[in-house]
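Below is my_file29.cif, holding mmCIF, C-alpha atoms.
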data_final
loop_
_atom_site.group_PDB
_atom_site.id
_atom_site.type_symbol
_atom_site.label_atom_id
_atom_site.label_comp_id
_atom_site.auth_asym_id
_atom_site.auth_seq_id
_atom_site.Cartn_x
_atom_site.Cartn_y
_atom_site.Cartn_z
ATOM 1 C CA MET A 22 42.918 16.253 -11.716
ATOM 2 C CA LYS A 23 45.416 19.005 -12.442
ATOM 3 C CA LYS A 24 48.203 18.852 -15.017
ATOM 4 C CA THR A 25 51.794 20.029 -14.954
ATOM 5 C CA LYS A 26 53.295 22.269 -17.599
ATOM 6 C CA GLU A 27 54.534 19.143 -19.382
ATOM 7 C CA GLY A 28 50.992 17.797 -19.467
ATOM 8 C CA GLN A 29 51.571 15.029 -16.919
ATOM 9 C CA PRO A 30 48.807 14.586 -14.345
ATOM 10 C CA ILE A 31 49.482 15.353 -10.717
ATOM 11 C CA SER A 32 47.110 14.062 -8.085
ATOM 12 C CA ASN A 33 44.985 16.117 -5.720
ATOM 13 C CA TRP A 34 46.681 14.718 -2.623
ATOM 14 C CA VAL A 35 50.075 15.423 -1.101
ATOM 15 C CA TRP A 36 52.608 13.098 0.524
ATOM 16 C CA LEU A 37 52.742 13.332 4.294
ATOM 17 C CA ALA A 38 55.162 10.557 5.128
ATOM 18 C CA THR A 39 56.823 7.420 3.837
ATOM 19 C CA VAL A 40 56.974 4.218 5.839
ATOM 20 C CA LEU A 41 58.582 0.810 5.593
ATOM 21 C CA LEU A 42 57.975 -1.460 2.596
ATOM 22 C CA LEU A 43 57.221 1.497 0.351
ATOM 23 C CA LEU A 44 53.997 2.319 2.205
ATOM 24 C CA VAL A 45 52.839 5.915 1.943
ATOM 25 C CA ILE A 46 50.109 7.982 3.559
ATOM 26 C CA PRO A 47 48.282 10.025 0.929
ATOM 27 C CA PHE A 48 46.340 12.996 2.275
ATOM 28 C CA ILE A 49 43.367 13.125 -0.086
ATOM 29 C CA ALA A 50 41.685 16.407 -0.934
ATOM 30 C CA HIS A 51 38.037 16.442 -1.987
ATOM 31 C CA SER A 52 37.401 19.639 -3.863
ATOM 32 C CA LEU A 53 34.470 18.896 -6.175
ATOM 33 C CA LYS A 54 31.222 20.704 -5.532
ATOM 34 C CA LEU A 55 29.184 18.987 -2.844
ATOM 35 C CA LYS A 56 26.103 17.212 -4.148
ATOM 36 C CA GLN A 57 23.962 15.583 -1.515
ATOM 37 C CA ARG A 58 20.347 14.918 -0.707
ATOM 38 C CA PRO A 59 18.411 18.032 0.276
ATOM 39 C CA PRO A 60 16.594 17.925 3.615
ATOM 40 C CA THR A 61 13.065 16.584 3.584
ATOM 41 C CA PRO A 62 10.459 19.252 4.411
ATOM 42 C CA ARG A 63 8.981 18.770 7.869
ATOM 43 C CA VAL A 64 5.294 17.953 7.859
ATOM 44 C CA GLU A 65 3.443 19.354 10.864
ATOM 45 C CA THR A 66 -0.098 18.076 10.205
ATOM 46 C CA ARG A 67 -0.920 14.348 10.397
ATOM 47 C CA ASN A 68 -4.190 12.467 10.536
ATOM 48 C CA LYS A 69 -4.932 10.385 13.641
ATOM 49 C CA ASP A 70 -3.582 7.113 12.238
ATOM 50 C CA ASP A 71 -0.411 8.745 10.945
ATOM 51 C CA ALA A 72 -0.003 10.474 14.304
ATOM 52 C CA ARG A 73 -0.247 7.140 16.145
ATOM 53 C CA LEU A 74 2.418 5.678 13.875
ATOM 54 C CA TYR A 75 4.617 8.707 14.526
ATOM 55 C CA GLU A 76 4.094 8.242 18.278
ATOM 56 C CA LEU A 77 5.144 4.595 17.909
ATOM 57 C CA GLN A 78 8.325 5.803 16.243
ATOM 58 C CA GLN A 79 9.012 8.200 19.112
ATOM 59 C CA ARG A 80 8.479 5.470 21.736
ATOM 60 C CA TYR A 81 10.832 3.223 19.784
ATOM 61 C CA TYR A 82 13.486 5.941 19.796
ATOM 62 C CA ALA A 83 12.932 6.625 23.503
ATOM 63 C CA GLY A 84 13.602 2.976 24.260
ATOM 64 C CA LYS A 85 16.728 3.066 22.131
ATOM 65 C CA ALA A 86 17.984 6.135 23.992
ATOM 66 C CA ARG A 87 18.888 3.778 26.846
ATOM 67 C CA HIS A 88 21.591 2.380 24.587
ATOM 68 C CA LYS A 89 24.536 4.295 23.211
ATOM 69 C CA ASP A 90 25.918 3.867 19.737
ATOM 70 C CA VAL A 91 29.370 2.324 20.161
ATOM 71 C CA TRP A 92 32.262 3.837 18.218
ATOM 72 C CA TRP A 93 35.267 1.821 17.140
ATOM 73 C CA LEU A 94 37.217 4.993 16.333
ATOM 74 C CA ASP A 95 36.924 8.081 18.537
ATOM 75 C CA GLU A 96 39.490 10.220 16.745
ATOM 76 C CA PRO A 97 41.780 9.886 13.738
ATOM 77 C CA PRO A 98 45.097 8.182 14.461
ATOM 78 C CA SER A 99 48.072 10.498 14.611
ATOM 79 C CA LEU A 100 49.323 11.115 11.092
ATOM 80 C CA GLY A 101 52.708 9.905 12.293
ATOM 81 C CA ASN A 102 51.290 6.629 13.606
ATOM 82 C CA ASN A 103 51.582 4.719 10.352
ATOM 83 C CA ALA A 104 51.052 1.303 11.911
ATOM 84 C CA GLN A 105 47.746 2.284 13.527
ATOM 85 C CA ILE A 106 46.418 3.911 10.362
ATOM 86 C CA GLU A 107 47.332 0.836 8.348
ATOM 87 C CA SER A 108 45.760 -1.507 10.921
ATOM 88 C CA VAL A 109 42.466 0.405 11.070
ATOM 89 C CA ILE A 110 42.162 0.643 7.300
ATOM 90 C CA LYS A 111 43.035 -3.001 6.656
ATOM 91 C CA LYS A 112 40.483 -4.255 9.188
ATOM 92 C CA GLN A 113 37.651 -2.268 7.633
ATOM 93 C CA ALA A 114 38.691 -3.096 4.072
ATOM 94 C CA ASP A 115 38.666 -6.808 4.930
ATOM 95 C CA LEU A 116 35.188 -6.491 6.484
ATOM 96 C CA ILE A 117 33.820 -4.719 3.405
ATOM 97 C CA LYS A 118 35.329 -7.281 1.026
ATOM 98 C CA GLU A 119 33.913 -10.148 3.067
ATOM 99 C CA THR A 120 30.463 -8.527 3.168
ATOM 100 C CA ILE A 121 30.373 -7.876 -0.571
ATOM 101 C CA SER A 122 31.470 -11.453 -1.280
ATOM 102 C CA THR A 123 28.807 -12.909 1.031
ATOM 103 C CA TYR A 124 25.829 -11.142 -0.556
ATOM 104 C CA LYS A 125 26.907 -10.516 -4.149
ATOM 105 C CA THR A 126 24.702 -13.255 -5.629
ATOM 106 C CA LEU A 127 21.440 -12.114 -4.016
ATOM 107 C CA SER A 128 20.208 -10.307 -7.122
ATOM 108 C CA PRO A 129 21.448 -8.918 -10.442
ATOM 109 C CA LEU A 130 21.780 -5.514 -8.756
ATOM 110 C CA ALA A 131 23.891 -6.986 -5.941
ATOM 111 C CA THR A 132 26.121 -8.662 -8.525
ATOM 112 C CA SER A 133 26.563 -5.394 -10.432
ATOM 113 C CA ILE A 134 27.420 -3.560 -7.206
ATOM 114 C CA ALA A 135 29.991 -6.204 -6.275
ATOM 115 C CA ARG A 136 31.574 -5.940 -9.704
ATOM 116 C CA HIS A 137 31.669 -2.127 -9.541
ATOM 117 C CA PHE A 138 33.286 -2.191 -6.088
ATOM 118 C CA GLU A 139 35.688 -5.027 -6.816
ATOM 119 C CA SER A 140 38.406 -2.415 -6.276
ATOM 120 C CA PHE A 141 38.121 0.346 -3.680
ATOM 121 C CA PHE A 142 40.178 1.913 -0.939
ATOM 122 C CA VAL A 143 39.362 2.824 2.653
ATOM 123 C CA SER A 144 40.232 6.138 4.277
ATOM 124 C CA ILE A 145 39.676 8.045 7.516
ATOM 125 C CA ALA A 146 38.021 11.465 7.463
ATOM 126 C CA ILE A 147 40.110 14.382 8.713
ATOM 127 C CA ASN A 148 37.744 17.248 7.908
ATOM 128 C CA ARG A 149 35.053 18.233 5.395
ATOM 129 C CA SER A 150 37.511 18.337 2.524
ATOM 130 C CA SER A 151 40.174 15.717 3.233
ATOM 131 C CA SER A 152 40.827 12.152 4.313
ATOM 132 C CA VAL A 153 43.882 9.975 4.885
ATOM 133 C CA THR A 154 44.723 6.428 3.795
ATOM 134 C CA VAL A 155 47.674 4.045 3.539
ATOM 135 C CA MET A 156 48.775 2.217 0.413
ATOM 136 C CA THR A 157 51.905 1.183 -1.427
ATOM 137 C CA THR A 158 53.574 3.564 -3.850
ATOM 138 C CA GLY A 159 52.367 1.402 -6.726
ATOM 139 C CA GLU A 160 48.748 1.731 -5.610
ATOM 140 C CA THR A 161 48.608 5.507 -5.315
ATOM 141 C CA ALA A 162 47.881 5.935 -9.011
ATOM 142 C CA ARG A 163 44.458 4.403 -8.347
ATOM 143 C CA ILE A 164 43.302 7.371 -6.250
ATOM 144 C CA GLY A 165 40.609 9.131 -8.232
ATOM 145 C CA ASN A 166 40.049 6.057 -10.398
ATOM 146 C CA ILE A 167 38.500 3.672 -7.875
ATOM 147 C CA PRO A 168 35.804 4.302 -5.229
ATOM 148 C CA GLU A 169 36.698 5.598 -1.793
ATOM 149 C CA ILE A 170 34.976 4.418 1.390
ATOM 150 C CA THR A 171 35.610 6.818 4.264
ATOM 151 C CA PHE A 172 34.972 6.270 7.966
ATOM 152 C CA VAL A 173 34.301 9.272 10.196
ATOM 153 C CA PRO A 174 35.712 9.167 13.760
ATOM 154 C CA ARG A 175 33.369 10.268 16.537
ATOM 155 C CA ASP A 176 35.130 13.593 17.136
ATOM 156 C CA ARG A 177 34.906 14.521 13.423
ATOM 157 C CA VAL A 178 31.156 14.090 12.979
ATOM 158 C CA ARG A 179 30.305 17.737 13.657
ATOM 159 C CA ILE A 180 33.156 18.916 11.478
ATOM 160 C CA MET A 181 31.939 16.778 8.585
ATOM 161 C CA GLY A 182 28.395 18.123 8.888
ATOM 162 C CA ALA A 183 26.998 14.932 7.361
ATOM 163 C CA PRO A 184 23.193 14.724 6.999
ATOM 164 C CA TYR A 185 23.158 11.015 7.929
ATOM 165 C CA SER A 186 25.395 8.534 9.752
ATOM 166 C CA LEU A 187 26.162 7.001 6.361
ATOM 167 C CA TYR A 188 25.489 8.214 2.839
ATOM 168 C CA TRP A 189 26.926 8.317 -0.656
ATOM 169 C CA ARG A 190 28.477 11.635 -1.635
ATOM 170 C CA SER A 191 28.989 11.899 -5.362
ATOM 171 C CA ASP A 192 32.003 14.191 -5.028
ATOM 172 C CA TRP A 193 33.691 11.864 -2.524
ATOM 173 C CA GLY A 194 32.312 8.328 -2.157
ATOM 174 C CA LEU A 195 30.725 6.437 0.725
ATOM 175 C CA ILE A 196 30.970 8.294 4.035
ATOM 176 C CA MET A 197 30.135 6.230 7.104
ATOM 177 C CA ASN A 198 30.384 6.969 10.810
ATOM 178 C CA ALA A 199 32.917 4.716 12.539
ATOM 179 C CA MET A 200 30.263 3.031 14.687
ATOM 180 C CA SER A 201 30.151 -0.643 15.588
ATOM 181 C CA LEU A 202 27.106 -2.129 13.862
ATOM 182 C CA PRO A 203 25.687 -5.645 14.106
ATOM 183 C CA ARG A 204 26.944 -7.568 11.096
ATOM 184 C CA PRO A 205 23.484 -7.964 9.477
ATOM 185 C CA VAL A 206 22.842 -4.225 9.845
ATOM 186 C CA PHE A 207 26.255 -3.299 8.475
ATOM 187 C CA ALA A 208 25.692 -5.536 5.452
ATOM 188 C CA GLY A 209 22.255 -4.117 4.637
ATOM 189 C CA PHE A 210 23.328 -0.509 5.077
ATOM 190 C CA LEU A 211 26.490 -1.082 3.041
ATOM 191 C CA PHE A 212 24.716 -2.567 0.029
ATOM 192 C CA HIS A 213 22.043 0.147 0.122
ATOM 193 C CA GLU A 214 24.598 2.957 -0.087
ATOM 194 C CA LEU A 215 26.944 1.195 -2.494
ATOM 195 C CA GLY A 216 23.897 0.802 -4.720
ATOM 196 C CA HIS A 217 23.632 4.582 -4.897
ATOM 197 C CA GLY A 218 27.351 4.666 -5.619
ATOM 198 C CA TYR A 219 26.944 2.191 -8.457
ATOM 199 C CA LEU A 220 24.248 4.375 -10.041
ATOM 200 C CA HIS A 221 25.967 7.696 -9.256
ATOM 201 C CA PRO A 222 29.748 7.206 -9.417
ATOM 202 C CA VAL A 223 32.088 9.972 -8.305
ATOM 203 C CA HIS A 224 32.223 12.269 -11.301
ATOM 204 C CA PRO A 225 31.440 15.967 -11.890
ATOM 205 C CA ASP A 226 28.780 15.034 -14.452
ATOM 206 C CA THR A 227 26.918 12.494 -12.320
ATOM 207 C CA LYS A 228 23.176 13.065 -12.643
ATOM 208 C CA HIS A 229 20.922 13.590 -9.639
ATOM 209 C CA TYR A 230 17.179 13.553 -9.173
ATOM 210 C CA ALA A 231 15.076 16.087 -7.316
ATOM 211 C CA HIS A 232 14.220 14.853 -3.840
ATOM 212 C CA SER A 233 10.486 14.947 -4.561
ATOM 213 C CA SER A 234 10.759 13.290 -7.979
ATOM 214 C CA ARG A 235 9.438 9.912 -9.060
ATOM 215 C CA GLU A 236 12.935 8.875 -10.172
ATOM 216 C CA TYR A 237 14.433 9.646 -6.764
ATOM 217 C CA ALA A 238 11.717 7.679 -4.977
ATOM 218 C CA LEU A 239 12.093 4.665 -7.285
ATOM 219 C CA GLU A 240 15.857 4.594 -6.768
ATOM 220 C CA GLU A 241 15.398 4.649 -3.001
ATOM 221 C CA ILE A 242 12.781 1.907 -3.248
ATOM 222 C CA ARG A 243 15.181 -0.176 -5.310
ATOM 223 C CA MET A 244 17.860 0.158 -2.634
ATOM 224 C CA HIS A 245 15.425 -0.674 0.167
ATOM 225 C CA GLU A 246 14.383 -3.809 -1.717
ATOM 226 C CA LEU A 247 18.035 -4.829 -1.919
ATOM 227 C CA GLU A 248 18.556 -3.985 1.754
ATOM 228 C CA SER A 249 15.665 -6.296 2.665
ATOM 229 C CA LEU A 250 17.215 -9.131 0.659
ATOM 230 C CA VAL A 251 20.465 -8.686 2.583
ATOM 231 C CA PHE A 252 18.684 -8.484 5.947
ATOM 232 C CA ASP A 253 16.668 -11.601 5.163
ATOM 233 C CA LYS A 254 19.705 -13.662 4.219
ATOM 234 C CA ALA A 255 21.703 -12.350 7.178
ATOM 235 C CA SER A 256 18.873 -13.340 9.548
ATOM 236 C CA ASN A 257 18.261 -16.754 7.956
ATOM 237 C CA GLY A 258 14.788 -15.650 6.922
ATOM 238 C CA ALA A 259 13.687 -14.247 10.291
ATOM 239 C CA PHE A 260 13.531 -10.648 9.077
ATOM 240 C CA GLY A 261 11.348 -11.466 6.085
ATOM 241 C CA GLN A 262 9.057 -13.605 8.215
ATOM 242 C CA VAL A 263 8.123 -10.658 10.434
ATOM 243 C CA VAL A 264 7.753 -8.332 7.436
ATOM 244 C CA VAL A 265 5.356 -10.730 5.693
ATOM 245 C CA GLU A 266 3.376 -11.289 8.887
ATOM 246 C CA VAL A 267 2.749 -7.576 9.462
ATOM 247 C CA ALA A 268 2.084 -6.861 5.777
ATOM 248 C CA SER A 269 -0.502 -9.676 5.654
ATOM 249 C CA ARG A 270 -2.624 -8.551 8.603
ATOM 250 C CA LYS A 271 -4.857 -6.480 6.376
ATOM 251 C CA LYS A 272 -6.672 -7.841 3.358
ATOM 252 C CA GLU A 273 -5.079 -7.380 -0.014
ATOM 253 C CA THR A 274 -7.724 -4.784 -0.810
ATOM 254 C CA ALA A 275 -6.470 -2.563 2.025
ATOM 255 C CA SER A 276 -3.931 0.195 1.438
ATOM 256 C CA PHE A 277 -0.290 -0.037 2.472
ATOM 257 C CA LYS A 278 -1.074 2.601 5.085
ATOM 258 C CA GLU A 279 -3.703 0.389 6.695
ATOM 259 C CA ALA A 280 -1.202 -2.462 6.822
ATOM 260 C CA LEU A 281 1.394 -0.238 8.483
ATOM 261 C CA TYR A 282 -1.118 1.092 10.998
ATOM 262 C CA THR A 283 -1.122 -2.426 12.519
ATOM 263 C CA LEU A 284 2.589 -2.146 13.379
ATOM 264 C CA ARG A 285 3.237 -2.557 17.111
ATOM 265 C CA GLU A 286 6.183 -2.301 19.491
ATOM 266 C CA GLY A 287 6.408 -6.088 19.641
ATOM 267 C CA ASP A 288 6.878 -6.195 15.863
ATOM 268 C CA LEU A 289 9.715 -3.685 16.072
ATOM 269 C CA ARG A 290 11.333 -5.755 18.802
ATOM 270 C CA ARG A 291 11.167 -8.909 16.671
ATOM 271 C CA LEU A 292 12.604 -7.081 13.665
ATOM 272 C CA ASP A 293 15.450 -5.780 15.830
ATOM 273 C CA GLU A 294 16.048 -9.259 17.232
ATOM 274 C CA SER A 295 16.275 -10.737 13.738
ATOM 275 C CA LEU A 296 19.145 -8.326 12.981
ATOM 276 C CA SER A 297 20.863 -8.552 16.405
ATOM 277 C CA ALA A 298 19.986 -4.861 16.772
ATOM 278 C CA THR A 299 18.162 -4.758 20.110
ATOM 279 C CA GLU A 300 20.903 -2.712 21.789
ATOM 280 C CA VAL A 301 21.907 -0.259 19.071
ATOM 281 C CA GLY A 302 21.481 3.457 19.735
ATOM 282 C CA VAL A 303 19.154 6.039 18.247
ATOM 283 C CA ALA A 304 21.340 6.966 15.265
ATOM 284 C CA THR A 305 21.268 3.407 13.938
ATOM 285 C CA SER A 306 17.680 2.746 15.013
ATOM 286 C CA SER A 307 16.382 5.763 13.100
ATOM 287 C CA LEU A 308 17.679 4.232 9.869
ATOM 288 C CA LEU A 309 16.261 0.840 10.799
ATOM 289 C CA PHE A 310 12.796 2.215 11.597
ATOM 290 C CA ALA A 311 12.671 3.953 8.226
ATOM 291 C CA HIS A 312 13.559 0.707 6.515
ATOM 292 C CA TYR A 313 11.026 -1.301 8.520
ATOM 293 C CA LEU A 314 8.209 0.987 7.359
ATOM 294 C CA ILE A 315 9.222 0.820 3.724
ATOM 295 C CA ALA A 316 9.920 -2.933 3.764
ATOM 296 C CA ILE A 317 6.490 -3.752 5.213
ATOM 297 C CA GLY A 318 4.765 -1.330 2.848
ATOM 298 C CA LEU A 319 6.553 -2.842 -0.151
ATOM 299 C CA GLU A 320 5.585 -6.345 0.913
ATOM 300 C CA HIS A 321 1.923 -5.325 1.150
ATOM 301 C CA ILE A 322 2.097 -3.733 -2.303
ATOM 302 C CA LYS A 323 3.706 -6.941 -3.596
ATOM 303 C CA LEU A 324 0.774 -8.980 -2.234
ATOM 304 C CA GLN A 325 -1.510 -6.734 -4.291
ATOM 305 C CA ASN A 326 0.666 -6.976 -7.400
ATOM 306 C CA GLY A 327 0.884 -3.220 -7.043
ATOM 307 C CA SER A 328 2.477 -0.788 -9.449
ATOM 308 C CA ASP A 329 5.588 1.356 -9.222
ATOM 309 C CA GLU A 330 3.293 4.311 -8.640
ATOM 310 C CA LYS A 331 2.134 2.792 -5.354
ATOM 311 C CA LYS A 332 5.764 2.293 -4.367
ATOM 312 C CA VAL A 333 6.441 5.961 -5.053
ATOM 313 C CA LEU A 334 3.427 6.953 -2.943
ATOM 314 C CA LEU A 335 4.698 4.710 -0.136
ATOM 315 C CA PHE A 336 8.132 6.319 -0.141
ATOM 316 C CA LEU A 337 6.810 9.878 -0.215
ATOM 317 C CA TRP A 338 4.254 9.140 2.512
ATOM 318 C CA ALA A 339 6.890 7.473 4.716
ATOM 319 C CA GLN A 340 8.879 10.711 4.702
ATOM 320 C CA THR A 341 5.938 12.489 6.352
ATOM 321 C CA ILE A 342 6.033 9.956 9.199
ATOM 322 C CA LEU A 343 9.792 10.006 9.621
ATOM 323 C CA HIS A 344 10.288 13.788 9.718
#

Any chance you could give the structure as structure tokens?
Amino acid sequence: MKKTKEGQPISNWVWLATVLLLLVIPFIAHSLKLKQRPPTPRVETRNKDDARLYELQQRYYAGKARHKDVWWLDEPPSLGNNAQIESVIKKQADLIKETISTYKTLSPLATSIARHFESFFVSIAINRSSSVTVMTTGETARIGNIPEITFVPRDRVRIMGAPYSLYWRSDWGLIMNAMSLPRPVFAGFLFHELGHGYLHPVHPDTKHYAHSSREYALEEIRMHELESLVFDKASNGAFGQVVVEVASRKKETASFKEALYTLREGDLRRLDESLSATEVGVATSSLLFAHYLIAIGLEHIKLQNGSDEKKVLLFLWAQTILH
């Protein structure tokens, strides 16, 4: 936030247009240093069991390639089309509010996330350093003080250079591709990423953990546990039923790897069915497959009354399968 000579703050966005009923379109600049997850090193050598699991992943993706991810926004509305911008933003804001309200009592973490995101605003990405939104003149003072949730139109994905189809950026907020997701999937993904936002709010001094660190792994595990709670409620228990079934195939004395080696294509199909995700494309399915592995592994560790250290090992090992 810059200041004028008189010491009064001026915001880091500029007015583009005014519309009826004192609505304005702020063009929001994001100029803080980018802090995002570093890429996971690719692992070229796998044992036979890991290789079979990796091959299962590739077959799953190949099947999903028959379906295309559906976009609800191909390009940003014209900056002069105030009504369309307002309509798009209101629809997504209402969906997010409804989702947060539906799942906010699932756990203490979910409640804290809901409280933290009680106020937010929705925007549309224009490029890697700016987004656009619509709000009343009285609301504009909130920019920079409440979280921003930005949707990326299909034709802006390459420009944004995002590492994932949705992720929390601590110099911006939640960035999410404008793809149509099944409601259970949207809810689980949303709470996972807002959880990172709750722990790492937009601020220059926000702390980050090294990608290979224990702290990073435990935070991711915590968000995957929350995501599973959301998926289970959204599926009326069907998601958790499949997870428990696969995790229980091996005796409690077996490792989480041995439990995951029993995973089959039929299991993936049932997990997809529980989330109404049988026809989503590869971009969405890649995130789901990662969660399926971790959810089943966590359930097996739970059956063993396992420690946090085993959870960390699970997360780090899963990265070698997924990349």

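Within the 6 Å cut-off around stretch 308-325 of chain A, using all atoms listed in the file and omitting residues fewer than 2 positions from it on the same chain, the listed residues are Val264, Ala268, Glu273, Phe277, Thr305, Ser306 and Gly327 of chain A.
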
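The coordinates place atom CA of A:Val223 at 4.7 Å from atom CA of A:Ser191.
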
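For the residues A:Ala339, A:Asn166, A:Leu130, A:Val267, ranking by smallest atom-to-atom distance to A:Glu286 using only C-alpha atoms places A:Val267 first.
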
Atom pair atom CA of A:His221 / atom CA of A:Gly209: separation (Å)
18.6 Å

Give as an MDAnalysis selection string the residues that the PyMOL selection byres ((chain A and resi 244) around 12) matches when applied to the coordinates above.
chainID A and resid 128 130:131 134 209:220 237:243 245:251 312 315:316 319 336

Atoms to include: C-alpha atoms. Write the selected residues as a PDB file, in the frame of the given file.
ATOM      1  CA  SER A 128      20.208 -10.307  -7.122  1.00  0.00           C
ATOM      2  CA  LEU A 130      21.780  -5.514  -8.756  1.00  0.00           C
ATOM      3  CA  ALA A 131      23.891  -6.986  -5.941  1.00  0.00           C
ATOM      4  CA  ILE A 134      27.420  -3.560  -7.206  1.00  0.00           C
ATOM      5  CA  GLY A 209      22.255  -4.117   4.637  1.00  0.00           C
ATOM      6  CA  PHE A 210      23.328  -0.509   5.077  1.00  0.00           C
ATOM      7  CA  LEU A 211      26.490  -1.082   3.041  1.00  0.00           C
ATOM      8  CA  PHE A 212      24.716  -2.567   0.029  1.00  0.00           C
ATOM      9  CA  HIS A 213      22.043   0.147   0.122  1.00  0.00           C
ATOM     10  CA  GLU A 214      24.598   2.957  -0.087  1.00  0.00           C
ATOM     11  CA  LEU A 215      26.944   1.195  -2.494  1.00  0.00           C
ATOM     12  CA  GLY A 216      23.897   0.802  -4.720  1.00  0.00           C
ATOM     13  CA  HIS A 217      23.632   4.582  -4.897  1.00  0.00           C
ATOM     14  CA  GLY A 218      27.351   4.666  -5.619  1.00  0.00           C
ATOM     15  CA  TYR A 219      26.944   2.191  -8.457  1.00  0.00           C
ATOM     16  CA  LEU A 220      24.248   4.375 -10.041  1.00  0.00           C
ATOM     17  CA  TYR A 237      14.433   9.646  -6.764  1.00  0.00           C
ATOM     18  CA  ALA A 238      11.717   7.679  -4.977  1.00  0.00           C
ATOM     19  CA  LEU A 239      12.093   4.665  -7.285  1.00  0.00           C
ATOM     20  CA  GLU A 240      15.857   4.594  -6.768  1.00  0.00           C
ATOM     21  CA  GLU A 241      15.398   4.649  -3.001  1.00  0.00           C
ATOM     22  CA  ILE A 242      12.781   1.907  -3.248  1.00  0.00           C
ATOM     23  CA  ARG A 243      15.181  -0.176  -5.310  1.00  0.00           C
ATOM     24  CA  HIS A 245      15.425  -0.674   0.167  1.00  0.00           C
ATOM     25  CA  GLU A 246      14.383  -3.809  -1.717  1.00  0.00           C
ATOM     26  CA  LEU A 247      18.035  -4.829  -1.919  1.00  0.00           C
ATOM     27  CA  GLU A 248      18.556  -3.985   1.754  1.00  0.00           C
ATOM     28  CA  SER A 249      15.665  -6.296   2.665  1.00  0.00           C
ATOM     29  CA  LEU A 250      17.215  -9.131   0.659  1.00  0.00           C
ATOM     30  CA  VAL A 251      20.465  -8.686   2.583  1.00  0.00           C
ATOM     31  CA  HIS A 312      13.559   0.707   6.515  1.00  0.00           C
ATOM     32  CA  ILE A 315       9.222   0.820   3.724  1.00  0.00           C
ATOM     33  CA  ALA A 316       9.920  -2.933   3.764  1.00  0.00           C
ATOM     34  CA  LEU A 319       6.553  -2.842  -0.151  1.00  0.00           C
ATOM     35  CA  PHE A 336       8.132   6.319  -0.141  1.00  0.00           C
TER      36      PHE A 336
END

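Here atom CA of A:Asn148 stands at a distance of 5.9 Å from atom CA of A:Met181.
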
Could you spell out the hits of the PyMOL selection byres ((chain A and resi 285) around 10) on the shown file, as a PDB file with C-alpha atoms, in the coordinates of the input?
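Contents of result08.pdb, as written:
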ATOM      1  CA  LEU A  74       2.418   5.678  13.875  1.00  0.00           C
ATOM      2  CA  LEU A  77       5.144   4.595  17.909  1.00  0.00           C
ATOM      3  CA  GLN A  78       8.325   5.803  16.243  1.00  0.00           C
ATOM      4  CA  TYR A  81      10.832   3.223  19.784  1.00  0.00           C
ATOM      5  CA  VAL A 267       2.749  -7.576   9.462  1.00  0.00           C
ATOM      6  CA  LEU A 281       1.394  -0.238   8.483  1.00  0.00           C
ATOM      7  CA  TYR A 282      -1.118   1.092  10.998  1.00  0.00           C
ATOM      8  CA  THR A 283      -1.122  -2.426  12.519  1.00  0.00           C
ATOM      9  CA  LEU A 284       2.589  -2.146  13.379  1.00  0.00           C
ATOM     10  CA  GLU A 286       6.183  -2.301  19.491  1.00  0.00           C
ATOM     11  CA  GLY A 287       6.408  -6.088  19.641  1.00  0.00           C
ATOM     12  CA  ASP A 288       6.878  -6.195  15.863  1.00  0.00           C
ATOM     13  CA  LEU A 289       9.715  -3.685  16.072  1.00  0.00           C
ATOM     14  CA  ARG A 290      11.333  -5.755  18.802  1.00  0.00           C
TER      15      ARG A 290
END

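Of the listed residues (A:Phe141, A:Arg87, A:Ala135, A:Ser99), A:Ser99 comes nearest to A:Val153; the distances count all atoms listed in the file.
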
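Shortest atom-to-atom contact with A:Lys278 among A:Ser295, A:Pro225, A:Ile342, A:Pro174: A:Ile342, counting only C-alpha atoms.
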
To test your reading of the syntax: which residues would the PyMOL selection byres ((chain A and resi 93) around 7) return for the file shown? Reply as a PyMOL selection string.
chain A and resi 91-92+94-95+199-201

Kindly list the centre and edge lengths in Å, rounded to one decimal, for the axis-aligned box that covers all listed atoms of stretch 237-248 of chain A plus 8 Å on each of its six sides, as JSON.
{"center_x": 15.1, "center_y": 2.4, "center_z": -2.8, "size_x": 22.8, "size_y": 30.5, "size_z": 25.0}

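Proximity of A:Ser108, A:Val303, A:Arg177, A:Tyr188 to A:Tyr82, computed with only C-alpha atoms, is greatest for A:Val303.
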
Which residues are close to A:Thr123, i.e. within 12 Å by only C-alpha atoms, leaving aside same-chain residues fewer than 2 positions away? Reply as a PyMOL selection string.
chain A and resi 116-121+125-127+131-132+135+204-205+208-209+212+251+254-255

Pick out the residues sitting within 9 Å of A:Val109, and hand them over as a short mmCIF file (atom, residue, chain, number, x, y, z; two decimals) with C-alpha atoms, keeping the file's coordinate frame; count all atoms listed in the file, and ignore anything fewer than 5 positions along from it in its own chain.
data_model
loop_
_atom_site.label_atom_id
_atom_site.label_comp_id
_atom_site.auth_asym_id
_atom_site.auth_seq_id
_atom_site.Cartn_x
_atom_site.Cartn_y
_atom_site.Cartn_z
CA LEU A 94 37.22 4.99 16.33
CA PRO A 98 45.10 8.18 14.46
CA ALA A 104 51.05 1.30 11.91
CA ALA A 114 38.69 -3.10 4.07
CA ILE A 145 39.68 8.04 7.52
#

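Of the residues under consideration (A:Val155, A:Leu335, A:Val173, A:Leu187), A:Val155 shows the shortest atom-to-atom contact distance to A:Lys111 when counting all atoms listed in the file.
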
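Those residues that approach A:His88 to within 9 Å, counting all atoms listed in the file, are A:Gly84, A:Glu300, A:Val301, A:Gly302, A:Val303; same-chain residues fewer than 4 positions away are not listed.
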
Nearest-residue call for A:Asp253, choices A:Gln105, A:Gly165, A:Phe172, A:Tyr124, using all atoms listed in the file
A:Tyr124
